[in-house]
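*Asks:* Handing over protein-v2.cif, mmCIF, C-alpha atoms.
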```cif
data_coords
#
loop_
_atom_site.label_atom_id
_atom_site.label_comp_id
_atom_site.auth_asym_id
_atom_site.auth_seq_id
_atom_site.Cartn_x
_atom_site.Cartn_y
_atom_site.Cartn_z
CA MET A 1 -20.57 87.75 94.28
CA LEU A 2 -17.56 86.66 92.31
CA LYS A 3 -17.96 84.60 89.15
CA VAL A 4 -15.43 81.79 89.03
CA SER A 5 -14.82 79.39 86.17
CA ILE A 6 -12.79 76.28 86.97
CA TYR A 7 -11.26 73.57 84.81
CA ARG A 8 -12.76 70.26 85.91
CA TYR A 9 -11.66 66.79 84.97
CA ASN A 10 -12.32 63.59 86.87
CA PRO A 11 -10.84 60.63 84.96
CA GLU A 12 -13.38 58.28 86.53
CA ILE A 13 -16.45 60.07 85.11
CA ASP A 14 -15.30 62.60 82.48
CA SER A 15 -14.02 61.66 79.03
CA GLU A 16 -13.05 65.30 78.40
CA PRO A 17 -12.19 68.19 80.71
CA HIS A 18 -14.73 71.02 80.94
CA MET A 19 -15.07 74.45 82.57
CA LYS A 20 -17.52 74.67 85.48
CA ASP A 21 -18.93 77.97 86.76
CA TYR A 22 -19.42 78.93 90.40
CA GLN A 23 -20.69 81.96 92.27
CA VAL A 24 -18.65 82.79 95.37
CA ASP A 25 -19.54 85.21 98.14
CA THR A 26 -16.25 86.90 98.98
CA GLY A 27 -17.90 89.13 101.60
CA GLY A 28 -16.55 92.14 99.73
CA LYS A 29 -12.99 91.20 100.61
CA ASP A 30 -10.03 90.96 98.24
CA LEU A 31 -9.26 87.31 98.94
CA MET A 32 -6.41 85.25 97.63
CA VAL A 33 -7.32 82.83 94.85
CA LEU A 34 -6.61 79.92 97.20
CA ASP A 35 -9.21 81.26 99.64
CA VAL A 36 -11.72 81.40 96.78
CA LEU A 37 -10.93 77.77 95.94
CA SER A 38 -11.53 76.68 99.52
CA LEU A 39 -14.90 78.52 99.52
CA ILE A 40 -15.78 76.62 96.34
CA LYS A 41 -14.70 73.38 97.95
CA GLU A 42 -17.31 74.04 100.66
CA GLN A 43 -19.99 74.19 97.92
CA ASP A 44 -18.52 71.34 95.89
CA PRO A 45 -16.25 68.94 97.80
CA THR A 46 -15.27 67.11 94.61
CA LEU A 47 -12.93 69.95 93.53
CA SER A 48 -9.27 68.87 93.72
CA TYR A 49 -6.17 71.04 94.00
CA ARG A 50 -2.83 70.94 95.79
CA ARG A 51 -1.97 73.30 98.61
CA SER A 52 0.11 73.21 101.73
CA CYS A 53 1.71 76.23 103.39
CA ARG A 54 -0.78 78.77 101.92
CA GLU A 55 1.84 81.55 102.02
CA GLY A 56 4.00 81.18 98.91
CA VAL A 57 6.76 79.12 100.48
CA CYS A 58 6.02 75.51 99.56
CA GLY A 59 5.13 75.96 95.89
CA SER A 60 2.27 73.43 95.88
CA ASP A 61 -0.55 75.53 94.48
CA GLY A 62 0.88 76.65 91.15
CA MET A 63 -1.94 77.03 88.61
CA ASN A 64 -3.00 79.04 85.60
CA ILE A 65 -5.04 81.98 86.88
CA ASN A 66 -6.75 84.15 84.25
CA GLY A 67 -4.21 83.04 81.69
CA LYS A 68 -1.09 83.50 83.81
CA ASN A 69 0.68 80.94 85.97
CA GLY A 70 1.03 81.80 89.64
CA LEU A 71 0.66 80.56 93.19
CA ALA A 72 -3.03 80.70 94.19
CA CYS A 73 -2.11 81.53 97.81
CA VAL A 74 -0.24 84.75 97.01
CA THR A 75 -2.33 85.91 94.04
CA ALA A 76 -5.11 88.29 95.12
CA ILE A 77 -8.38 88.46 93.17
CA SER A 78 -7.63 92.11 92.39
CA ASP A 79 -4.30 91.11 90.81
CA VAL A 80 -6.01 89.10 88.08
CA VAL A 81 -9.69 90.08 87.83
CA LYS A 82 -10.59 93.43 86.32
CA GLY A 83 -14.14 94.76 86.70
CA ASN A 84 -16.92 92.18 86.56
CA LYS A 85 -14.87 89.61 84.66
CA PRO A 86 -14.85 86.07 86.05
CA LEU A 87 -11.91 84.46 87.81
CA VAL A 88 -10.72 81.66 85.51
CA VAL A 89 -8.61 78.89 87.04
CA ARG A 90 -6.96 76.17 84.97
CA PRO A 91 -4.24 73.63 85.76
CA LEU A 92 -0.60 74.40 84.93
CA PRO A 93 -0.24 74.14 81.13
CA GLY A 94 1.59 71.44 79.21
CA LEU A 95 1.63 68.65 81.80
CA PRO A 96 -0.84 65.75 82.03
CA VAL A 97 -3.84 66.51 84.24
CA ILE A 98 -4.44 63.92 86.96
CA ARG A 99 -7.66 65.54 88.16
CA ASP A 100 -9.07 69.11 88.13
CA LEU A 101 -6.17 71.45 89.01
CA VAL A 102 -3.70 68.69 89.89
CA VAL A 103 -1.08 67.95 87.23
CA ASP A 104 1.52 65.19 87.00
CA LEU A 105 4.86 66.91 87.66
CA THR A 106 7.00 63.83 86.96
CA LEU A 107 8.55 65.25 83.78
CA PHE A 108 9.31 68.51 85.61
CA TYR A 109 11.03 66.72 88.48
CA GLN A 110 12.99 64.50 86.09
CA GLN A 111 14.51 67.60 84.52
CA TYR A 112 15.45 68.86 87.98
CA GLU A 113 17.08 65.51 88.78
CA LYS A 114 18.99 65.67 85.49
CA ILE A 115 20.95 68.80 86.44
CA LYS A 116 22.32 67.07 89.58
CA PRO A 117 20.93 69.54 92.14
CA TYR A 118 23.59 69.00 94.78
CA LEU A 119 27.18 70.10 95.35
CA ILE A 120 29.79 67.90 93.73
CA ASN A 121 33.26 68.31 95.18
CA ASP A 122 35.99 65.71 94.81
CA THR A 123 38.56 67.47 96.99
CA PRO A 124 39.04 66.11 100.55
CA ALA A 125 36.40 67.46 102.92
CA PRO A 126 37.78 70.02 105.39
CA ALA A 127 37.45 69.42 109.14
CA ILE A 128 34.50 71.77 109.63
CA GLU A 129 32.95 73.15 106.44
CA ARG A 130 33.75 74.48 102.96
CA LEU A 131 34.01 78.23 103.40
CA GLN A 132 32.83 80.86 100.94
CA SER A 133 33.66 84.55 100.83
CA PRO A 134 30.67 86.92 101.11
CA GLU A 135 31.23 87.76 97.41
CA GLU A 136 31.10 84.10 96.42
CA ARG A 137 27.94 83.63 98.47
CA ASP A 138 26.34 86.70 96.86
CA LYS A 139 26.46 84.96 93.48
CA LEU A 140 23.83 82.48 94.68
CA ASP A 141 21.25 85.19 95.40
CA GLY A 142 18.39 85.10 92.92
CA LEU A 143 19.10 81.43 92.22
CA TYR A 144 18.78 79.41 95.42
CA GLU A 145 15.33 80.84 96.24
CA CYS A 146 13.53 78.64 93.67
CA ILE A 147 10.74 76.61 95.32
CA LEU A 148 10.09 74.28 92.34
CA CYS A 149 6.47 75.39 91.95
CA ALA A 150 6.75 74.73 88.17
CA CYS A 151 5.02 78.00 87.24
CA CYS A 152 7.94 78.98 84.98
CA SER A 153 8.60 75.71 83.15
CA THR A 154 4.89 75.19 82.46
CA ALA A 155 4.66 78.74 81.05
CA CYS A 156 7.41 77.96 78.55
CA PRO A 157 6.41 76.83 75.02
CA SER A 158 9.83 75.18 74.54
CA PHE A 159 9.08 73.05 77.61
CA TRP A 160 5.54 72.23 76.37
CA TRP A 161 6.86 70.81 73.10
CA ASN A 162 9.88 69.00 74.59
CA PRO A 163 9.29 68.38 78.31
CA ASP A 164 11.48 65.27 78.15
CA LYS A 165 14.45 66.92 76.40
CA PHE A 166 14.49 70.64 77.28
CA VAL A 167 15.56 71.10 80.91
CA GLY A 168 13.28 74.12 81.24
CA PRO A 169 13.70 77.45 83.05
CA SER A 170 13.45 76.05 86.57
CA GLY A 171 16.01 73.29 86.01
CA LEU A 172 18.38 75.64 84.18
CA LEU A 173 18.19 78.25 86.96
CA GLN A 174 19.19 75.49 89.38
CA ALA A 175 21.90 74.29 87.00
CA TYR A 176 23.42 77.78 87.05
CA ARG A 177 23.12 77.89 90.84
CA PHE A 178 25.55 74.93 91.03
CA LEU A 179 27.70 76.06 88.09
CA ILE A 180 28.72 79.28 89.86
CA ASP A 181 28.96 77.85 93.36
CA SER A 182 32.62 78.23 94.42
CA ARG A 183 32.38 74.95 96.36
CA ASP A 184 31.38 72.88 93.33
CA THR A 185 34.16 71.30 91.24
CA ALA A 186 32.06 69.64 88.51
CA THR A 187 31.64 72.79 86.37
CA SER A 188 32.93 71.32 83.11
CA GLU A 189 30.93 68.08 83.49
CA ARG A 190 27.79 70.10 84.23
CA LEU A 191 28.38 72.26 81.15
CA ALA A 192 29.02 69.19 78.99
CA ASP A 193 25.68 67.72 80.10
CA LEU A 194 23.87 70.84 78.83
CA ASN A 195 25.78 71.17 75.56
CA ASP A 196 23.33 69.64 73.08
CA PRO A 197 20.59 71.09 70.84
CA PHE A 198 17.78 70.53 73.38
CA SER A 199 18.80 70.72 77.06
CA LEU A 200 19.61 74.44 77.06
CA PHE A 201 19.47 75.78 73.52
CA ARG A 202 15.71 75.38 73.09
CA CYS A 203 15.37 78.59 75.10
CA ARG A 204 14.33 81.42 72.76
CA GLY A 205 14.40 84.07 75.46
CA ILE A 206 10.71 84.93 75.34
CA MET A 207 10.76 85.46 79.12
CA ASN A 208 7.41 83.89 79.96
CA CYS A 209 9.30 82.30 82.89
CA VAL A 210 10.46 85.63 84.30
CA ASP A 211 7.00 87.08 83.79
CA VAL A 212 5.33 84.44 85.97
CA CYS A 213 7.93 83.57 88.67
CA PRO A 214 6.21 84.16 92.04
CA LYS A 215 9.62 84.62 93.66
CA GLY A 216 10.73 87.26 91.15
CA LEU A 217 13.63 85.16 89.83
CA ASN A 218 15.12 85.41 86.34
CA PRO A 219 15.79 82.05 84.63
CA THR A 220 16.35 83.70 81.23
CA LYS A 221 19.30 85.64 82.65
CA ALA A 222 20.75 82.47 84.21
CA ILE A 223 20.37 80.67 80.86
CA GLY A 224 22.21 83.54 79.15
CA HIS A 225 25.05 83.20 81.66
CA ILE A 226 25.27 79.42 81.09
CA ARG A 227 25.48 80.08 77.35
CA LYS A 228 28.37 82.46 78.00
CA MET A 229 30.12 79.83 80.15
CA LEU A 230 29.69 77.29 77.32
CA LEU A 231 31.14 79.80 74.87
CA GLN A 232 34.12 80.54 77.12
CA GLN A 233 34.74 76.84 77.57
CA GLY A 234 34.55 76.31 73.82
CA VAL A 235 37.15 78.94 72.82
CA MET B 236 10.76 54.75 82.17
CA LYS B 237 10.09 56.85 79.09
CA GLY B 238 7.44 54.44 77.88
CA ARG B 239 5.54 54.76 81.12
CA HIS B 240 5.21 58.52 80.66
CA GLU B 241 4.13 58.23 77.08
CA THR B 242 1.16 56.11 78.08
CA VAL B 243 0.31 58.54 80.88
CA ILE B 244 0.40 61.51 78.47
CA ASP B 245 -1.72 59.61 75.93
CA LYS B 246 -4.54 59.03 78.38
CA ARG B 247 -4.63 62.27 80.33
CA PRO B 248 -5.72 65.65 79.04
CA VAL B 249 -3.27 68.53 78.88
CA ASN B 250 -4.20 72.16 79.35
CA LEU B 251 -2.79 73.73 76.19
CA ASP B 252 -5.62 76.07 75.24
CA LEU B 253 -3.22 78.69 73.85
CA ALA B 254 -5.97 81.30 73.39
CA SER B 255 -6.69 81.23 77.14
CA PHE B 256 -3.13 82.22 78.09
CA ARG B 257 -1.95 85.75 78.66
CA TRP B 258 1.24 86.36 76.71
CA PRO B 259 3.75 88.99 77.85
CA ILE B 260 5.03 91.50 75.29
CA THR B 261 8.37 89.65 75.20
CA ALA B 262 6.55 86.59 73.86
CA MET B 263 4.49 88.71 71.44
CA ALA B 264 7.77 89.97 69.98
CA SER B 265 9.15 86.44 69.65
CA MET B 266 6.20 84.92 67.77
CA PRO B 267 6.56 87.13 64.65
CA HIS B 268 10.32 86.50 64.80
CA ARG B 269 9.71 82.82 64.16
CA ILE B 270 6.91 83.44 61.65
CA SER B 271 9.11 85.90 59.73
CA GLY B 272 11.90 83.32 59.69
CA PHE B 273 9.51 80.84 58.11
CA VAL B 274 8.34 83.46 55.56
CA LEU B 275 11.97 84.13 54.65
CA PHE B 276 12.62 80.42 54.19
CA LEU B 277 9.63 80.17 51.82
CA ALA B 278 10.84 83.30 50.00
CA ILE B 279 14.26 81.89 49.10
CA PRO B 280 13.17 80.22 45.80
CA VAL B 281 11.07 83.26 44.82
CA VAL B 282 13.90 85.69 45.42
CA LEU B 283 16.48 83.46 43.69
CA TRP B 284 14.18 83.14 40.67
CA VAL B 285 13.74 86.93 40.54
CA LEU B 286 17.51 87.39 40.72
CA GLN B 287 18.09 84.87 37.95
CA GLU B 288 15.46 86.44 35.67
CA SER B 289 16.84 89.91 36.27
CA LEU B 290 20.32 88.83 35.17
CA ALA B 291 19.54 86.41 32.33
CA SER B 292 18.92 88.90 29.52
CA GLN B 293 17.52 92.33 28.64
CA GLN B 294 14.22 90.69 27.58
CA SER B 295 13.78 88.68 30.75
CA TYR B 296 14.64 91.77 32.81
CA ASP B 297 11.96 93.81 31.05
CA ALA B 298 9.41 91.01 31.41
CA LEU B 299 10.21 90.74 35.11
CA GLN B 300 9.75 94.45 35.61
CA ILE B 301 6.26 94.30 34.11
CA LEU B 302 5.41 91.24 36.20
CA LEU B 303 6.59 92.86 39.44
CA SER B 304 4.64 96.07 38.87
CA GLY B 305 1.35 94.22 39.43
CA THR B 306 -0.43 94.77 42.75
CA PHE B 307 -0.30 91.12 43.78
CA ALA B 308 3.42 90.86 43.00
CA LYS B 309 4.05 94.04 44.99
CA LEU B 310 2.11 92.60 47.89
CA ILE B 311 4.29 89.47 47.86
CA LEU B 312 7.44 91.61 47.71
CA TRP B 313 6.17 93.64 50.64
CA VAL B 314 5.50 90.51 52.71
CA ILE B 315 9.03 89.27 51.98
CA MET B 316 10.47 92.68 52.88
CA ALA B 317 8.40 92.73 56.08
CA GLY B 318 9.74 89.30 57.01
CA LEU B 319 13.31 90.39 56.33
CA ILE B 320 12.92 93.61 58.32
CA TYR B 321 11.31 91.96 61.34
CA HIS B 322 13.75 89.07 61.41
CA PHE B 323 16.69 91.47 61.15
CA VAL B 324 15.50 93.84 63.90
CA ALA B 325 14.52 90.99 66.25
CA GLY B 326 17.89 89.35 65.57
CA ILE B 327 19.68 92.55 66.63
CA LYS B 328 17.55 92.49 69.80
CA HIS B 329 18.89 89.00 70.57
CA LEU B 330 22.47 90.20 70.06
CA ILE B 331 21.85 93.11 72.45
CA ILE B 332 20.48 90.76 75.11
CA ASP B 333 23.43 88.40 74.53
CA VAL B 334 25.89 91.14 75.47
CA GLY B 335 24.00 91.59 78.74
CA ILE B 336 21.68 94.54 78.02
CA GLY B 337 17.98 94.02 78.76
CA GLU B 338 18.36 90.81 80.76
CA SER B 339 15.81 92.01 83.32
CA LEU B 340 12.09 91.67 82.64
CA GLU B 341 11.71 95.46 82.43
CA GLY B 342 14.69 95.80 80.08
CA ALA B 343 13.47 92.96 77.88
CA ARG B 344 9.99 94.54 77.76
CA ARG B 345 11.48 97.80 76.55
CA LEU B 346 13.55 96.01 73.92
CA ALA B 347 10.46 94.07 72.77
CA PHE B 348 8.47 97.31 72.40
CA LEU B 349 11.39 98.87 70.50
CA THR B 350 11.63 95.83 68.20
CA LEU B 351 7.92 95.98 67.38
CA GLY B 352 7.94 99.78 66.98
CA ILE B 353 11.07 100.06 64.82
CA SER B 354 9.94 97.15 62.64
CA ALA B 355 6.47 98.66 62.13
CA VAL B 356 8.00 101.95 60.98
CA LEU B 357 10.48 100.23 58.65
CA ILE B 358 7.80 97.91 57.23
CA LEU B 359 5.55 100.90 56.48
CA ALA B 360 8.49 102.67 54.87
CA ALA B 361 9.18 99.58 52.74
CA GLY B 362 5.53 99.63 51.64
CA VAL B 363 5.83 103.26 50.59
CA TRP B 364 9.06 102.47 48.75
CA ILE B 365 7.53 99.52 46.87
CA TRP B 366 4.42 101.49 45.81
#
```
Please render this file's structure as structure tokens.
*Replies:*
Amino acid sequence: MLKVSIYRYNPEIDSEPHMKDYQVDTGGKDLMVLDVLSLIKEQDPTLSYRRSCREGVCGSDGMNINGKNGLACVTAISDVVKGNKPLVVRPLPGLPVIRDLVVDLTLFYQQYEKIKPYLINDTPAPAIERLQSPEERDKLDGLYECILCACCSTACPSFWWNPDKFVGPSGLLQAYRFLIDSRDTATSERLADLNDPFSLFRCRGIMNCVDVCPKGLNPTKAIGHIRKMLLQQGV
Amino acid sequence: MKGRHETVIDKRPVNLDLASFRWPITAMASMPHRISGFVLFLAIPVVLWVLQESLASQQSYDALQILLSGTFAKLILWVIMAGLIYHFVAGIKHLIIDVGIGESLEGARRLAFLTLGISAVLILAAGVWIW
């Protein structure tokens, strides 16, 4: 039997969130945390969480598992539970909780929208497509793979304190993805949008984002590269 | 639009139980960096006063030396020294990362360990020097 402790909050009955304990029969198997949640949902159908693809592609089931953000569907019990300790599941930190493990991601998505996550190119469109050399395409590796699960931004203290002003690791990784795309011509405008005390410079490089990213991406490195681009533009 | 979110945040709980989070070593190295910066800020008037007293006259210099030989005064000096050492070493770490070394999680972990280790040794040495 696995001991599981889950953050519960139902705005219609609870004035405060609380932790609720469950016992789950895993059948001796090393299940994924999402499987454990669905077993609990059989015992207690009131439990709410988001999930969709259940294989780490859609980014719906980001949550705080034993103190670390991750996708429940690709986090095995053995990755986070040592010995007889309980499995502790809380919602992603820093964002308003709608119910149980479901948080309101509006502020997160607004930051994504802010960085203009699409190619901007004011030159006439070619007949077929805008070509890139293999080298130019290689620069997008480690950037385009982001699935917007919000694990990184909600692990970042700078984002907790200023979710409306600091773009956050996820948004900044995406910003860099368009800054170094050879097909994008809005580089200086994009840099100008980030050049204020909050949007980018609230990053203190503590690397919580890199530590939690389920796709193994490195927002801190991308932020460092944007800072260098700002410096080069400034001198 | 902003107003709408403020009301939402006001009503809904937020999971910010900091003690329940697991912090990576890179974050553990950053926290004392900020705390030491704050200590240094608080230390500015103390250190300026000490400097002024030490330069004012022979009498004030002698009085200061007696004052600073007390255990409590030494402890304060050590805390200020510790803040200065940690802030300095962690600042160098930032410069190293800025030139592109230790940008990976593994590299940054190593730098964080080094920062904590080197600072601990230097802070102990400063304690020995003060006492």
*Asks:* Applying 7 Å and all atoms listed in the file, which residues near segment 338-346 of chain B remain after dropping the ones on its own chain fewer than 5 positions away? List them as a list in words.
*Replies:* Val210, Asp211 and Lys221 of chain A; Ile260, Thr261, Lys328 and Ile332 of chain B
*Asks:* Under the PyMOL selection byres ((chain B) within 8 of (chain A)), which residues of this model are included? Write them out as a ChimeraX atom specification.
*Replies:* /B:243-244,247-251,255-259,261-262,264-265,333,338-340
*Asks:* Give me, as number ranges by chain, all polymer residues having an atom no more than 9 Å from Ala317 of chain B, counting all atoms listed in the file and skipping those fewer than 6 positions away in the same chain.
*Replies:* B: 271, 354-355, 357-359, 361-362
*Asks:* Keeping only C-alpha atoms, write the selected residues as a short mmCIF file (atom, residue, chain, number, x, y, z; two decimals), in the frame of the given file.
*Replies:*
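Final output, result_27.cif:
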```cif
data_model
loop_
_atom_site.label_atom_id
_atom_site.label_comp_id
_atom_site.auth_asym_id
_atom_site.auth_seq_id
_atom_site.Cartn_x
_atom_site.Cartn_y
_atom_site.Cartn_z
CA SER B 271 9.11 85.90 59.73
CA SER B 354 9.94 97.15 62.64
CA ALA B 355 6.47 98.66 62.13
CA LEU B 357 10.48 100.23 58.65
CA ILE B 358 7.80 97.91 57.23
CA LEU B 359 5.55 100.90 56.48
CA ALA B 361 9.18 99.58 52.74
CA GLY B 362 5.53 99.63 51.64
#
```
*Asks:* Taking the file as I've supplied it (selection: the PyMOL selection byres ((chain A and resi 198) around 12)), which residues are included? Please answer as a short mmCIF file (atom, residue, chain, number, x, y, z; two decimals) with C-alpha atoms, in the frame of the given file.
*Replies:*
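What ended up in expr.cif:
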```cif
data_model
loop_
_atom_site.label_atom_id
_atom_site.label_comp_id
_atom_site.auth_asym_id
_atom_site.auth_seq_id
_atom_site.Cartn_x
_atom_site.Cartn_y
_atom_site.Cartn_z
CA GLN A 111 14.51 67.60 84.52
CA SER A 158 9.83 75.18 74.54
CA PHE A 159 9.08 73.05 77.61
CA TRP A 161 6.86 70.81 73.10
CA ASN A 162 9.88 69.00 74.59
CA PRO A 163 9.29 68.38 78.31
CA ASP A 164 11.48 65.27 78.15
CA LYS A 165 14.45 66.92 76.40
CA PHE A 166 14.49 70.64 77.28
CA VAL A 167 15.56 71.10 80.91
CA GLY A 168 13.28 74.12 81.24
CA LEU A 172 18.38 75.64 84.18
CA ASP A 193 25.68 67.72 80.10
CA LEU A 194 23.87 70.84 78.83
CA ASN A 195 25.78 71.17 75.56
CA ASP A 196 23.33 69.64 73.08
CA PRO A 197 20.59 71.09 70.84
CA SER A 199 18.80 70.72 77.06
CA LEU A 200 19.61 74.44 77.06
CA PHE A 201 19.47 75.78 73.52
CA ARG A 202 15.71 75.38 73.09
CA CYS A 203 15.37 78.59 75.10
CA ARG A 204 14.33 81.42 72.76
#
```
*Asks:* Quick one: distance from atom CA of Lys82 of chain A to atom CA of Asp25 of chain A in Å, one decimal?
*Replies:*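 Atom-to-atom, atom CA of Lys82 of chain A to atom CA of Asp25 of chain A, that is 17.0 Å.
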*Asks:* Skipping near chain neighbours, those fewer than 3 positions away, what residues fall within 10 Å of segment 280-288 of chain B using only C-alpha atoms, listed as a VMD selection string?
*Replies:* chain B and resid 275 to 277 291 to 300 303 311 to 312 315
*Asks:* One decimal, in Å: what's the spacing between atom CA of Glu129 of chain A and atom CA of Cys58 of chain A?
*Replies:*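 Distance between the two atoms: 27.9 Å.
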*Asks:* Compile the contact shell of Ser5 of chain A as a compact mmCIF listing (two decimals) with C-alpha atoms, in the coordinates of the input: residues with an atom at most 9 Å away, counting only C-alpha atoms, same-chain residues fewer than 2 positions apart removed.
*Replies:*
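File part-v4.txt, as written:
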```txt
# COMPACT_ATOMS: atom_id res chain seq x y z
CA LYS A 3 -17.96 84.60 89.15
CA TYR A 7 -11.26 73.57 84.81
CA MET A 19 -15.07 74.45 82.57
CA LYS A 20 -17.52 74.67 85.48
CA ASP A 21 -18.93 77.97 86.76
CA TYR A 22 -19.42 78.93 90.40
CA GLN A 23 -20.69 81.96 92.27
CA PRO A 86 -14.85 86.07 86.05
CA LEU A 87 -11.91 84.46 87.81
CA VAL A 88 -10.72 81.66 85.51
CA VAL A 89 -8.61 78.89 87.04
CA ARG A 90 -6.96 76.17 84.97
```
*Asks:* Report, in Å with one decimal, the straight-line distance from atom CA of Val356 of chain B to atom CA of Leu310 of chain B.
*Replies:*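 Value for the atom CA of Val356 of chain B-atom CA of Leu310 of chain B distance: 17.1 Å.
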*Asks:* My list of candidates is A:Ile120, A:Cys53, A:Ala150, A:Ala192. Which is closest to Val74 of chain A when distances are computed with all atoms listed in the file?
*Replies:* A:Cys53
*Asks:* When the PyMOL selection byres ((chain A and resi 51) around 9) is applied to the file above, which residues end up in the set, as number ranges by chain?
*Replies:* A: 34, 49-50, 52-54, 58-62, 72-73
*Asks:* Work out where the centre of an axis-aligned box around every listed atom of segment 252-270 of chain B lies and how long its edges are once 6 Å is added on each side; give both in Å to one decimal as JSON.
*Replies:*
```
{"center_x": 1.8, "center_y": 83.8, "center_z": 70.2, "size_x": 29.0, "size_y": 27.4, "size_z": 29.0}
```
*Asks:* From the list A:Val57, A:Leu47, A:Gly83, A:Thr185, which residue is nearest Asn121 of chain A when using all atoms listed in the file?
*Replies:*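 Residue with the minimum atom-to-atom distance to Asn121 of chain A: A:Thr185.
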